[in-house]
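With PDB, C-alpha atoms, pLDDT in the B column inside, this is run-v9.pdb:
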ATOM      1  CA  MET V  20     -33.255   3.465 -19.853  1.00 34.00           C
ATOM      2  CA  ASP V  21     -29.608   2.458 -19.422  1.00 39.00           C
ATOM      3  CA  GLU V  22     -28.382   5.747 -17.984  1.00 39.00           C
ATOM      4  CA  ILE V  23     -25.643   5.482 -15.382  1.00 38.00           C
ATOM      5  CA  ARG V  24     -26.245   7.282 -12.135  1.00 39.00           C
ATOM      6  CA  GLN V  25     -23.231   8.748 -10.435  1.00 40.00           C
ATOM      7  CA  THR V  26     -22.505   6.591  -7.391  1.00 42.00           C
ATOM      8  CA  ASP V  27     -19.652   8.652  -5.997  1.00 45.00           C
ATOM      9  CA  PRO V  28     -20.612  12.309  -5.508  1.00 39.00           C
ATOM     10  CA  GLY V  29     -16.958  13.322  -5.704  1.00 42.00           C
ATOM     11  CA  SER V  30     -16.293  11.694  -9.073  1.00 43.00           C
ATOM     12  CA  ALA V  31     -16.661  13.483 -12.374  1.00 52.00           C
ATOM     13  CA  ASP V  32     -19.380  12.054 -14.566  1.00 63.00           C
ATOM     14  CA  ARG V  33     -18.874  13.398 -18.076  1.00 61.00           C
ATOM     15  CA  GLU V  34     -22.313  12.190 -19.105  1.00 64.00           C
ATOM     16  CA  SER V  35     -24.324  14.179 -16.595  1.00 63.00           C
ATOM     17  CA  ALA V  36     -24.601  17.272 -18.810  1.00 61.00           C
ATOM     18  CA  LEU V  37     -25.905  15.326 -21.800  1.00 61.00           C
ATOM     19  CA  ALA V  38     -29.513  15.047 -22.796  1.00 61.00           C
ATOM     20  CA  HIS V  39     -30.987  11.819 -24.126  1.00 65.00           C
ATOM     21  CA  GLY V  40     -31.429  13.438 -27.544  1.00 70.00           C
ATOM     22  CA  ASP V  41     -27.780  14.455 -27.927  1.00 77.00           C
ATOM     23  CA  LYS V  42     -25.798  12.965 -30.788  1.00 87.00           C
ATOM     24  CA  LEU V  43     -25.211   9.230 -30.292  1.00 88.00           C
ATOM     25  CA  GLU V  44     -21.487   9.394 -31.137  1.00 90.00           C
ATOM     26  CA  LEU V  45     -20.989  12.030 -28.442  1.00 90.00           C
ATOM     27  CA  ARG V  46     -22.967   9.999 -25.916  1.00 89.00           C
ATOM     28  CA  VAL V  47     -20.923   6.847 -26.640  1.00 91.00           C
ATOM     29  CA  TRP V  48     -17.638   8.743 -26.399  1.00 92.00           C
ATOM     30  CA  LEU V  49     -18.601  10.299 -23.077  1.00 92.00           C
ATOM     31  CA  ARG V  50     -19.851   6.946 -21.758  1.00 92.00           C
ATOM     32  CA  LEU V  51     -16.443   5.426 -22.566  1.00 95.00           C
ATOM     33  CA  LEU V  52     -14.666   8.293 -20.813  1.00 94.00           C
ATOM     34  CA  THR V  53     -16.940   7.997 -17.788  1.00 94.00           C
ATOM     35  CA  CYS V  54     -16.394   4.240 -17.488  1.00 95.00           C
ATOM     36  CA  ALA V  55     -12.623   4.586 -17.905  1.00 96.00           C
ATOM     37  CA  SER V  56     -12.503   7.390 -15.328  1.00 96.00           C
ATOM     38  CA  LEU V  57     -14.576   5.454 -12.785  1.00 96.00           C
ATOM     39  CA  ILE V  58     -12.469   2.308 -13.178  1.00 97.00           C
ATOM     40  CA  GLU V  59      -9.200   4.245 -13.000  1.00 96.00           C
ATOM     41  CA  ALA V  60     -10.303   6.188  -9.912  1.00 97.00           C
ATOM     42  CA  ARG V  61     -11.220   2.988  -8.074  1.00 97.00           C
ATOM     43  CA  VAL V  62      -7.949   1.281  -9.011  1.00 97.00           C
ATOM     44  CA  ARG V  63      -5.934   4.368  -7.990  1.00 97.00           C
ATOM     45  CA  ALA V  64      -7.735   4.521  -4.644  1.00 97.00           C
ATOM     46  CA  GLY V  65      -7.212   0.804  -3.987  1.00 97.00           C
ATOM     47  CA  LEU V  66      -3.512   0.919  -4.819  1.00 97.00           C
ATOM     48  CA  ARG V  67      -3.022   3.972  -2.617  1.00 97.00           C
ATOM     49  CA  LYS V  68      -5.052   2.572   0.295  1.00 97.00           C
ATOM     50  CA  ASP V  69      -3.838  -1.036   0.259  1.00 96.00           C
ATOM     51  CA  PHE V  70      -0.237  -0.640  -0.930  1.00 96.00           C
ATOM     52  CA  GLY V  71       0.723   3.045  -0.735  1.00 95.00           C
ATOM     53  CA  VAL V  72       1.509   2.912  -4.466  1.00 96.00           C
ATOM     54  CA  THR V  73       0.482   5.177  -7.314  1.00 95.00           C
ATOM     55  CA  LEU V  74      -1.055   3.860 -10.517  1.00 95.00           C
ATOM     56  CA  PRO V  75       1.909   4.989 -12.656  1.00 94.00           C
ATOM     57  CA  ARG V  76       4.315   3.050 -10.403  1.00 95.00           C
ATOM     58  CA  PHE V  77       2.065  -0.019 -10.609  1.00 97.00           C
ATOM     59  CA  ASP V  78       1.895   0.355 -14.402  1.00 96.00           C
ATOM     60  CA  VAL V  79       5.702   0.453 -14.718  1.00 96.00           C
ATOM     61  CA  LEU V  80       6.000  -2.694 -12.602  1.00 97.00           C
ATOM     62  CA  ALA V  81       3.252  -4.386 -14.640  1.00 97.00           C
ATOM     63  CA  GLN V  82       4.949  -3.642 -17.950  1.00 96.00           C
ATOM     64  CA  LEU V  83       8.283  -4.904 -16.663  1.00 97.00           C
ATOM     65  CA  ASP V  84       6.618  -8.035 -15.285  1.00 97.00           C
ATOM     66  CA  ARG V  85       5.442  -8.788 -18.838  1.00 95.00           C
ATOM     67  CA  ALA V  86       8.982  -8.334 -20.205  1.00 95.00           C
ATOM     68  CA  PRO V  87      11.365 -10.673 -18.375  1.00 90.00           C
ATOM     69  CA  ASP V  88      14.263  -9.582 -20.609  1.00 90.00           C
ATOM     70  CA  GLY V  89      13.582  -5.970 -19.699  1.00 93.00           C
ATOM     71  CA  LEU V  90      12.647  -2.972 -21.776  1.00 94.00           C
ATOM     72  CA  SER V  91      14.477   0.052 -23.057  1.00 91.00           C
ATOM     73  CA  MET V  92      13.247   3.390 -21.745  1.00 90.00           C
ATOM     74  CA  GLY V  93      11.700   4.055 -25.163  1.00 90.00           C
ATOM     75  CA  GLU V  94       9.876   0.728 -25.179  1.00 93.00           C
ATOM     76  CA  LEU V  95       8.617   1.368 -21.655  1.00 94.00           C
ATOM     77  CA  SER V  96       7.414   4.855 -22.634  1.00 92.00           C
ATOM     78  CA  ASP V  97       5.630   3.446 -25.685  1.00 92.00           C
ATOM     79  CA  ARG V  98       3.894   0.741 -23.656  1.00 93.00           C
ATOM     80  CA  LEU V  99       2.795   3.259 -21.033  1.00 92.00           C
ATOM     81  CA  MET V 100       1.824   5.783 -23.734  1.00 89.00           C
ATOM     82  CA  VAL V 101       3.734   8.603 -22.029  1.00 86.00           C
ATOM     83  CA  SER V 102       6.860  10.601 -22.841  1.00 81.00           C
ATOM     84  CA  ASN V 103      10.358   9.416 -21.950  1.00 80.00           C
ATOM     85  CA  GLY V 104      10.584  12.328 -19.529  1.00 80.00           C
ATOM     86  CA  ASN V 105       7.601  11.064 -17.550  1.00 81.00           C
ATOM     87  CA  VAL V 106       9.110   7.591 -17.263  1.00 90.00           C
ATOM     88  CA  THR V 107      12.603   8.693 -16.268  1.00 89.00           C
ATOM     89  CA  GLY V 108      11.598  10.025 -12.849  1.00 90.00           C
ATOM     90  CA  LEU V 109       9.507   6.950 -12.079  1.00 92.00           C
ATOM     91  CA  VAL V 110      12.308   4.611 -13.121  1.00 93.00           C
ATOM     92  CA  ASP V 111      14.844   6.559 -11.058  1.00 93.00           C
ATOM     93  CA  ARG V 112      12.697   6.333  -7.906  1.00 94.00           C
ATOM     94  CA  LEU V 113      11.855   2.646  -8.413  1.00 96.00           C
ATOM     95  CA  ALA V 114      15.551   1.889  -8.970  1.00 96.00           C
ATOM     96  CA  GLU V 115      16.508   3.802  -5.796  1.00 96.00           C
ATOM     97  CA  GLU V 116      14.009   1.630  -3.895  1.00 96.00           C
ATOM     98  CA  GLY V 117      15.529  -1.539  -5.350  1.00 96.00           C
ATOM     99  CA  LEU V 118      12.357  -2.568  -7.212  1.00 97.00           C
ATOM    100  CA  ILE V 119      13.876  -2.293 -10.672  1.00 97.00           C
ATOM    101  CA  SER V 120      17.379  -2.291 -12.122  1.00 95.00           C
ATOM    102  CA  ARG V 121      18.762  -0.278 -14.986  1.00 92.00           C
ATOM    103  CA  THR V 122      21.745  -1.676 -16.910  1.00 88.00           C
ATOM    104  CA  PRO V 123      23.475  -0.177 -19.931  1.00 82.00           C
ATOM    105  CA  ALA V 124      22.538  -1.860 -23.214  1.00 71.00           C
ATOM    106  CA  ALA V 125      25.375  -3.886 -24.735  1.00 73.00           C
ATOM    107  CA  SER V 126      24.862  -2.339 -28.163  1.00 73.00           C
ATOM    108  CA  ASP V 127      24.706   1.304 -27.051  1.00 70.00           C
ATOM    109  CA  ARG V 128      25.911   2.367 -23.604  1.00 67.00           C
ATOM    110  CA  ARG V 129      23.799   5.551 -23.821  1.00 72.00           C
ATOM    111  CA  GLN V 130      20.719   3.329 -23.645  1.00 80.00           C
ATOM    112  CA  SER V 131      19.706   1.109 -20.774  1.00 85.00           C
ATOM    113  CA  ARG V 132      17.511  -1.905 -20.138  1.00 91.00           C
ATOM    114  CA  VAL V 133      15.124  -1.734 -17.235  1.00 95.00           C
ATOM    115  CA  ARG V 134      14.093  -4.929 -15.410  1.00 96.00           C
ATOM    116  CA  LEU V 135      12.253  -5.942 -12.289  1.00 97.00           C
ATOM    117  CA  THR V 136      14.496  -6.987  -9.435  1.00 97.00           C
ATOM    118  CA  PRO V 137      13.484  -9.962  -7.280  1.00 97.00           C
ATOM    119  CA  ALA V 138      12.172  -7.437  -4.709  1.00 97.00           C
ATOM    120  CA  GLY V 139      10.191  -5.681  -7.450  1.00 97.00           C
ATOM    121  CA  LYS V 140       8.743  -8.990  -8.623  1.00 97.00           C
ATOM    122  CA  ARG V 141       7.687  -9.863  -5.060  1.00 97.00           C
ATOM    123  CA  ALA V 142       6.119  -6.426  -4.570  1.00 97.00           C
ATOM    124  CA  PHE V 143       4.225  -6.617  -7.862  1.00 97.00           C
ATOM    125  CA  ASP V 144       3.103 -10.205  -7.247  1.00 97.00           C
ATOM    126  CA  GLY V 145       1.776  -9.080  -3.871  1.00 97.00           C
ATOM    127  CA  MET V 146      -0.406  -6.434  -5.537  1.00 97.00           C
ATOM    128  CA  THR V 147      -1.778  -8.365  -8.495  1.00 97.00           C
ATOM    129  CA  PRO V 148      -4.369 -10.528  -6.698  1.00 97.00           C
ATOM    130  CA  ARG V 149      -6.014  -7.437  -5.161  1.00 97.00           C
ATOM    131  CA  HIS V 150      -5.829  -5.548  -8.466  1.00 97.00           C
ATOM    132  CA  GLU V 151      -7.394  -8.464 -10.338  1.00 97.00           C
ATOM    133  CA  GLY V 152     -10.079  -8.678  -7.649  1.00 97.00           C
ATOM    134  CA  TRP V 153     -10.992  -5.006  -8.086  1.00 97.00           C
ATOM    135  CA  ILE V 154     -11.281  -5.475 -11.848  1.00 97.00           C
ATOM    136  CA  ASP V 155     -13.341  -8.658 -11.396  1.00 97.00           C
ATOM    137  CA  ASP V 156     -15.679  -6.845  -8.995  1.00 97.00           C
ATOM    138  CA  MET V 157     -16.177  -3.904 -11.359  1.00 97.00           C
ATOM    139  CA  PHE V 158     -16.999  -6.197 -14.288  1.00 97.00           C
ATOM    140  CA  ALA V 159     -19.204  -8.537 -12.245  1.00 97.00           C
ATOM    141  CA  GLY V 160     -22.351  -6.951 -13.723  1.00 97.00           C
ATOM    142  CA  LEU V 161     -21.462  -8.347 -17.153  1.00 97.00           C
ATOM    143  CA  SER V 162     -21.681 -11.976 -18.227  1.00 97.00           C
ATOM    144  CA  ARG V 163     -18.695 -13.647 -19.902  1.00 97.00           C
ATOM    145  CA  THR V 164     -20.580 -13.418 -23.219  1.00 98.00           C
ATOM    146  CA  GLU V 165     -21.224  -9.702 -22.711  1.00 98.00           C
ATOM    147  CA  MET V 166     -17.561  -9.099 -21.867  1.00 97.00           C
ATOM    148  CA  ALA V 167     -16.488 -10.933 -25.030  1.00 97.00           C
ATOM    149  CA  GLN V 168     -18.965  -8.864 -27.068  1.00 98.00           C
ATOM    150  CA  LEU V 169     -17.759  -5.642 -25.479  1.00 97.00           C
ATOM    151  CA  LEU V 170     -14.145  -6.598 -26.158  1.00 97.00           C
ATOM    152  CA  GLU V 171     -14.946  -7.241 -29.821  1.00 97.00           C
ATOM    153  CA  LEU V 172     -16.891  -3.985 -30.154  1.00 97.00           C
ATOM    154  CA  LEU V 173     -14.047  -2.032 -28.563  1.00 96.00           C
ATOM    155  CA  ALA V 174     -11.572  -3.708 -30.948  1.00 96.00           C
ATOM    156  CA  LYS V 175     -13.771  -2.638 -33.843  1.00 96.00           C
ATOM    157  CA  LEU V 176     -13.902   0.915 -32.464  1.00 96.00           C
ATOM    158  CA  LYS V 177     -10.120   0.902 -32.044  1.00 93.00           C
ATOM    159  CA  ARG V 178      -9.676  -0.081 -35.702  1.00 94.00           C
ATOM    160  CA  SER V 179     -12.131   2.618 -36.751  1.00 94.00           C
ATOM    161  CA  VAL V 180     -10.325   5.284 -34.741  1.00 93.00           C
ATOM    162  CA  ALA V 181      -6.923   4.144 -36.042  1.00 91.00           C
ATOM    163  CA  SER V 182      -8.135   4.326 -39.638  1.00 93.00           C
ATOM    164  CA  THR V 183      -9.228   7.962 -39.416  1.00 91.00           C
ATOM    165  CA  GLU V 184      -6.856  10.708 -40.410  1.00 77.00           C
ATOM    166  CA  GLU V 185      -6.141  13.566 -38.079  1.00 72.00           C
ATOM    167  CA  LYS V 186      -7.747  16.676 -39.529  1.00 64.00           C
ATOM    168  CA  PRO V 187      -6.285  20.145 -38.966  1.00 57.00           C
TER     169      PRO V 187
END
In structure tokens, how does this file's structure come out?
Amino acid sequence: MDEIRQTDPGSADRESALAHGDKLELRVWLRLLTCASLIEARVRAGLRKDFGVTLPRFDVLAQLDRAPDGLSMGELSDRLMVSNGNVTGLVDRLAEEGLISRTPAASDRRQSRVRLTPAGKRAFDGMTPRHEGWIDDMFAGLSRTEMAQLLELLAKLKRSVASTEEKP
């Protein structure tokens, strides 16, 4: 069958406790978690090994790279799907290292815009080819057609999840 065997003995495989006869929805959910965890672990390890950078730091740089006019702290938090408190420490450290700048917003001096500095842009641009290579390698077992199908199925799942109400 299509069962995934754990390739890294140290990684958590959420599927390993499931039996083939378990509920399909549960099996799909745990397969998604397992895939996401495996991909994230490999990216984290690569960033740490090759660049001495954590994934959250890389993610902040990536979001700012996509926003040349900068982002407010709230916008950055929303894009990273974390609280403002989690972003503040990262932004402070990246600013101290000269990788990003924080300037007060013209409309409200209590708010600030965060942008990549030229040094931050160079650092991020130096990481992206390796990062893209890791992702390419991990998805190499899928054809372009299969990736497009998977993307569409995940979009459909995302819409389904978004349409459900949270139940107490």
task = Write out as a ChimeraX atom specification which residues come within 10 Å of Leu113 in chain V when counting all atoms listed in the file, dropping same-chain ones fewer than 4 positions away.
result = /V:76,79-80,107-109,117-121,135,139
query = Which is closer to Ala55 in chain V than all the others in V:Met157, V:Arg67, V:Glu185, V:Ala81, using all atoms listed in the file?
reply = V:Met157
key: Shell around Val133 in chain V at 9 Å using only C-alpha atoms, local window under 5 positions removed, as a list of chain:residue names   =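 Counting only C-alpha atoms, the residues come to V:Leu83, V:Asp88, V:Gly89, V:Leu90, V:Ser91, V:Met92, V:Leu95, V:Val110, V:Ile119, V:Ser120, V:Arg121, V:Thr122, V:Pro123.
We find CA of Asn103 in chain V and CA of Gln130 in chain V to be spaced 12.1 Å apart.
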query = How would you write, as a ChimeraX atom specification, the residues chosen by the PyMOL selection byres ((chain V and resi 73) around 12) on this structure?
reply = /V:59-72,74-80,109,113,146
key: Distance in Å - CA of Ala138 in chain V versus CA of Gly104 in chain V   =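 Here the two named atoms are 24.8 Å from each other.
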Box centre and edge lengths (Å, one decimal), axis-aligned, range 62-66 of chain V plus 3 Å each side, as AutoDock Vina command-line options:
--center_x -5.7 --center_y 2.7 --center_z -6.5 --size_x 10.4 --size_y 9.7 --size_z 11.0
query = Separation of CA of Ala86 in chain V and CA of Leu170 in chain V, in Å?
reply = 23.9 Å
Could you add N, CA, C and O atoms to range 71-96 of chain V and give me the result as an mmCIF file, keeping the file's coordinate frame?
data_model
loop_
_atom_site.group_PDB
_atom_site.id
_atom_site.type_symbol
_atom_site.label_atom_id
_atom_site.label_comp_id
_atom_site.auth_asym_id
_atom_site.auth_seq_id
_atom_site.Cartn_x
_atom_site.Cartn_y
_atom_site.Cartn_z
ATOM 1 N N GLY V 71 -0.026 1.792 -0.750
ATOM 2 C CA GLY V 71 0.723 3.045 -0.735
ATOM 3 C C GLY V 71 1.471 3.287 -2.036
ATOM 4 O O GLY V 71 2.557 3.839 -2.043
ATOM 5 N N VAL V 72 0.877 2.845 -3.153
ATOM 6 C CA VAL V 72 1.509 2.912 -4.466
ATOM 7 C C VAL V 72 0.623 3.716 -5.405
ATOM 8 O O VAL V 72 -0.603 3.627 -5.337
ATOM 9 N N THR V 73 1.249 4.451 -6.298
ATOM 10 C CA THR V 73 0.482 5.177 -7.314
ATOM 11 C C THR V 73 0.233 4.280 -8.524
ATOM 12 O O THR V 73 0.958 3.296 -8.742
ATOM 13 N N LEU V 74 -0.762 4.631 -9.306
ATOM 14 C CA LEU V 74 -1.055 3.860 -10.517
ATOM 15 C C LEU V 74 0.113 3.887 -11.505
ATOM 16 O O LEU V 74 0.447 2.836 -12.071
ATOM 17 N N PRO V 75 0.764 5.028 -11.733
ATOM 18 C CA PRO V 75 1.909 4.989 -12.656
ATOM 19 C C PRO V 75 3.019 4.034 -12.202
ATOM 20 O O PRO V 75 3.612 3.333 -13.020
ATOM 21 N N ARG V 76 3.293 3.980 -10.905
ATOM 22 C CA ARG V 76 4.315 3.050 -10.403
ATOM 23 C C ARG V 76 3.873 1.606 -10.646
ATOM 24 O O ARG V 76 4.666 0.763 -11.076
ATOM 25 N N PHE V 77 2.605 1.315 -10.364
ATOM 26 C CA PHE V 77 2.065 -0.019 -10.609
ATOM 27 C C PHE V 77 2.177 -0.366 -12.094
ATOM 28 O O PHE V 77 2.557 -1.483 -12.453
ATOM 29 N N ASP V 78 1.841 0.600 -12.960
ATOM 30 C CA ASP V 78 1.895 0.355 -14.402
ATOM 31 C C ASP V 78 3.306 0.046 -14.883
ATOM 32 O O ASP V 78 3.499 -0.817 -15.739
ATOM 33 N N VAL V 79 4.311 0.743 -14.351
ATOM 34 C CA VAL V 79 5.702 0.453 -14.718
ATOM 35 C C VAL V 79 6.050 -0.973 -14.304
ATOM 36 O O VAL V 79 6.586 -1.747 -15.097
ATOM 37 N N LEU V 80 5.718 -1.339 -13.074
ATOM 38 C CA LEU V 80 6.000 -2.694 -12.602
ATOM 39 C C LEU V 80 5.273 -3.736 -13.455
ATOM 40 O O LEU V 80 5.840 -4.784 -13.786
ATOM 41 N N ALA V 81 4.033 -3.445 -13.829
ATOM 42 C CA ALA V 81 3.252 -4.386 -14.640
ATOM 43 C C ALA V 81 3.886 -4.587 -16.016
ATOM 44 O O ALA V 81 3.979 -5.723 -16.505
ATOM 45 N N GLN V 82 4.322 -3.504 -16.631
ATOM 46 C CA GLN V 82 4.949 -3.642 -17.950
ATOM 47 C C GLN V 82 6.254 -4.429 -17.862
ATOM 48 O O GLN V 82 6.549 -5.262 -18.716
ATOM 49 N N LEU V 83 7.022 -4.177 -16.818
ATOM 50 C CA LEU V 83 8.283 -4.904 -16.663
ATOM 51 C C LEU V 83 8.040 -6.365 -16.306
ATOM 52 O O LEU V 83 8.829 -7.241 -16.696
ATOM 53 N N ASP V 84 6.961 -6.654 -15.600
ATOM 54 C CA ASP V 84 6.618 -8.035 -15.285
ATOM 55 C C ASP V 84 6.313 -8.817 -16.564
ATOM 56 O O ASP V 84 6.582 -10.015 -16.636
ATOM 57 N N ARG V 85 5.778 -8.138 -17.560
ATOM 58 C CA ARG V 85 5.442 -8.788 -18.838
ATOM 59 C C ARG V 85 6.650 -8.898 -19.763
ATOM 60 O O ARG V 85 6.527 -9.442 -20.864
ATOM 61 N N ALA V 86 7.787 -8.339 -19.357
ATOM 62 C CA ALA V 86 8.982 -8.334 -20.205
ATOM 63 C C ALA V 86 10.181 -8.833 -19.392
ATOM 64 O O ALA V 86 10.992 -8.038 -18.918
ATOM 65 N N PRO V 87 10.293 -10.137 -19.225
ATOM 66 C CA PRO V 87 11.365 -10.673 -18.375
ATOM 67 C C PRO V 87 12.769 -10.286 -18.830
ATOM 68 O O PRO V 87 13.685 -10.230 -18.015
ATOM 69 N N ASP V 88 12.949 -10.001 -20.118
ATOM 70 C CA ASP V 88 14.263 -9.582 -20.609
ATOM 71 C C ASP V 88 14.465 -8.075 -20.468
ATOM 72 O O ASP V 88 15.478 -7.540 -20.898
ATOM 73 N N GLY V 89 13.484 -7.403 -19.901
ATOM 74 C CA GLY V 89 13.582 -5.970 -19.699
ATOM 75 C C GLY V 89 13.117 -5.186 -20.907
ATOM 76 O O GLY V 89 12.809 -5.744 -21.963
ATOM 77 N N LEU V 90 13.074 -3.888 -20.726
ATOM 78 C CA LEU V 90 12.647 -2.972 -21.776
ATOM 79 C C LEU V 90 13.594 -1.791 -21.809
ATOM 80 O O LEU V 90 14.142 -1.396 -20.773
ATOM 81 N N SER V 91 13.759 -1.213 -22.985
ATOM 82 C CA SER V 91 14.477 0.052 -23.057
ATOM 83 C C SER V 91 13.540 1.139 -22.530
ATOM 84 O O SER V 91 12.327 0.928 -22.412
ATOM 85 N N MET V 92 14.080 2.287 -22.222
ATOM 86 C CA MET V 92 13.247 3.390 -21.745
ATOM 87 C C MET V 92 12.222 3.769 -22.816
ATOM 88 O O MET V 92 11.072 4.067 -22.499
ATOM 89 N N GLY V 93 12.625 3.739 -24.071
ATOM 90 C CA GLY V 93 11.700 4.055 -25.163
ATOM 91 C C GLY V 93 10.568 3.049 -25.267
ATOM 92 O O GLY V 93 9.409 3.419 -25.463
ATOM 93 N N GLU V 94 10.909 1.768 -25.143
ATOM 94 C CA GLU V 94 9.876 0.728 -25.179
ATOM 95 C C GLU V 94 8.909 0.880 -24.007
ATOM 96 O O GLU V 94 7.695 0.751 -24.165
ATOM 97 N N LEU V 95 9.458 1.178 -22.831
ATOM 98 C CA LEU V 95 8.617 1.368 -21.655
ATOM 99 C C LEU V 95 7.699 2.575 -21.847
ATOM 100 O O LEU V 95 6.498 2.502 -21.568
ATOM 101 N N SER V 96 8.226 3.659 -22.356
ATOM 102 C CA SER V 96 7.414 4.855 -22.634
ATOM 103 C C SER V 96 6.303 4.538 -23.621
ATOM 104 O O SER V 96 5.160 4.958 -23.427
#
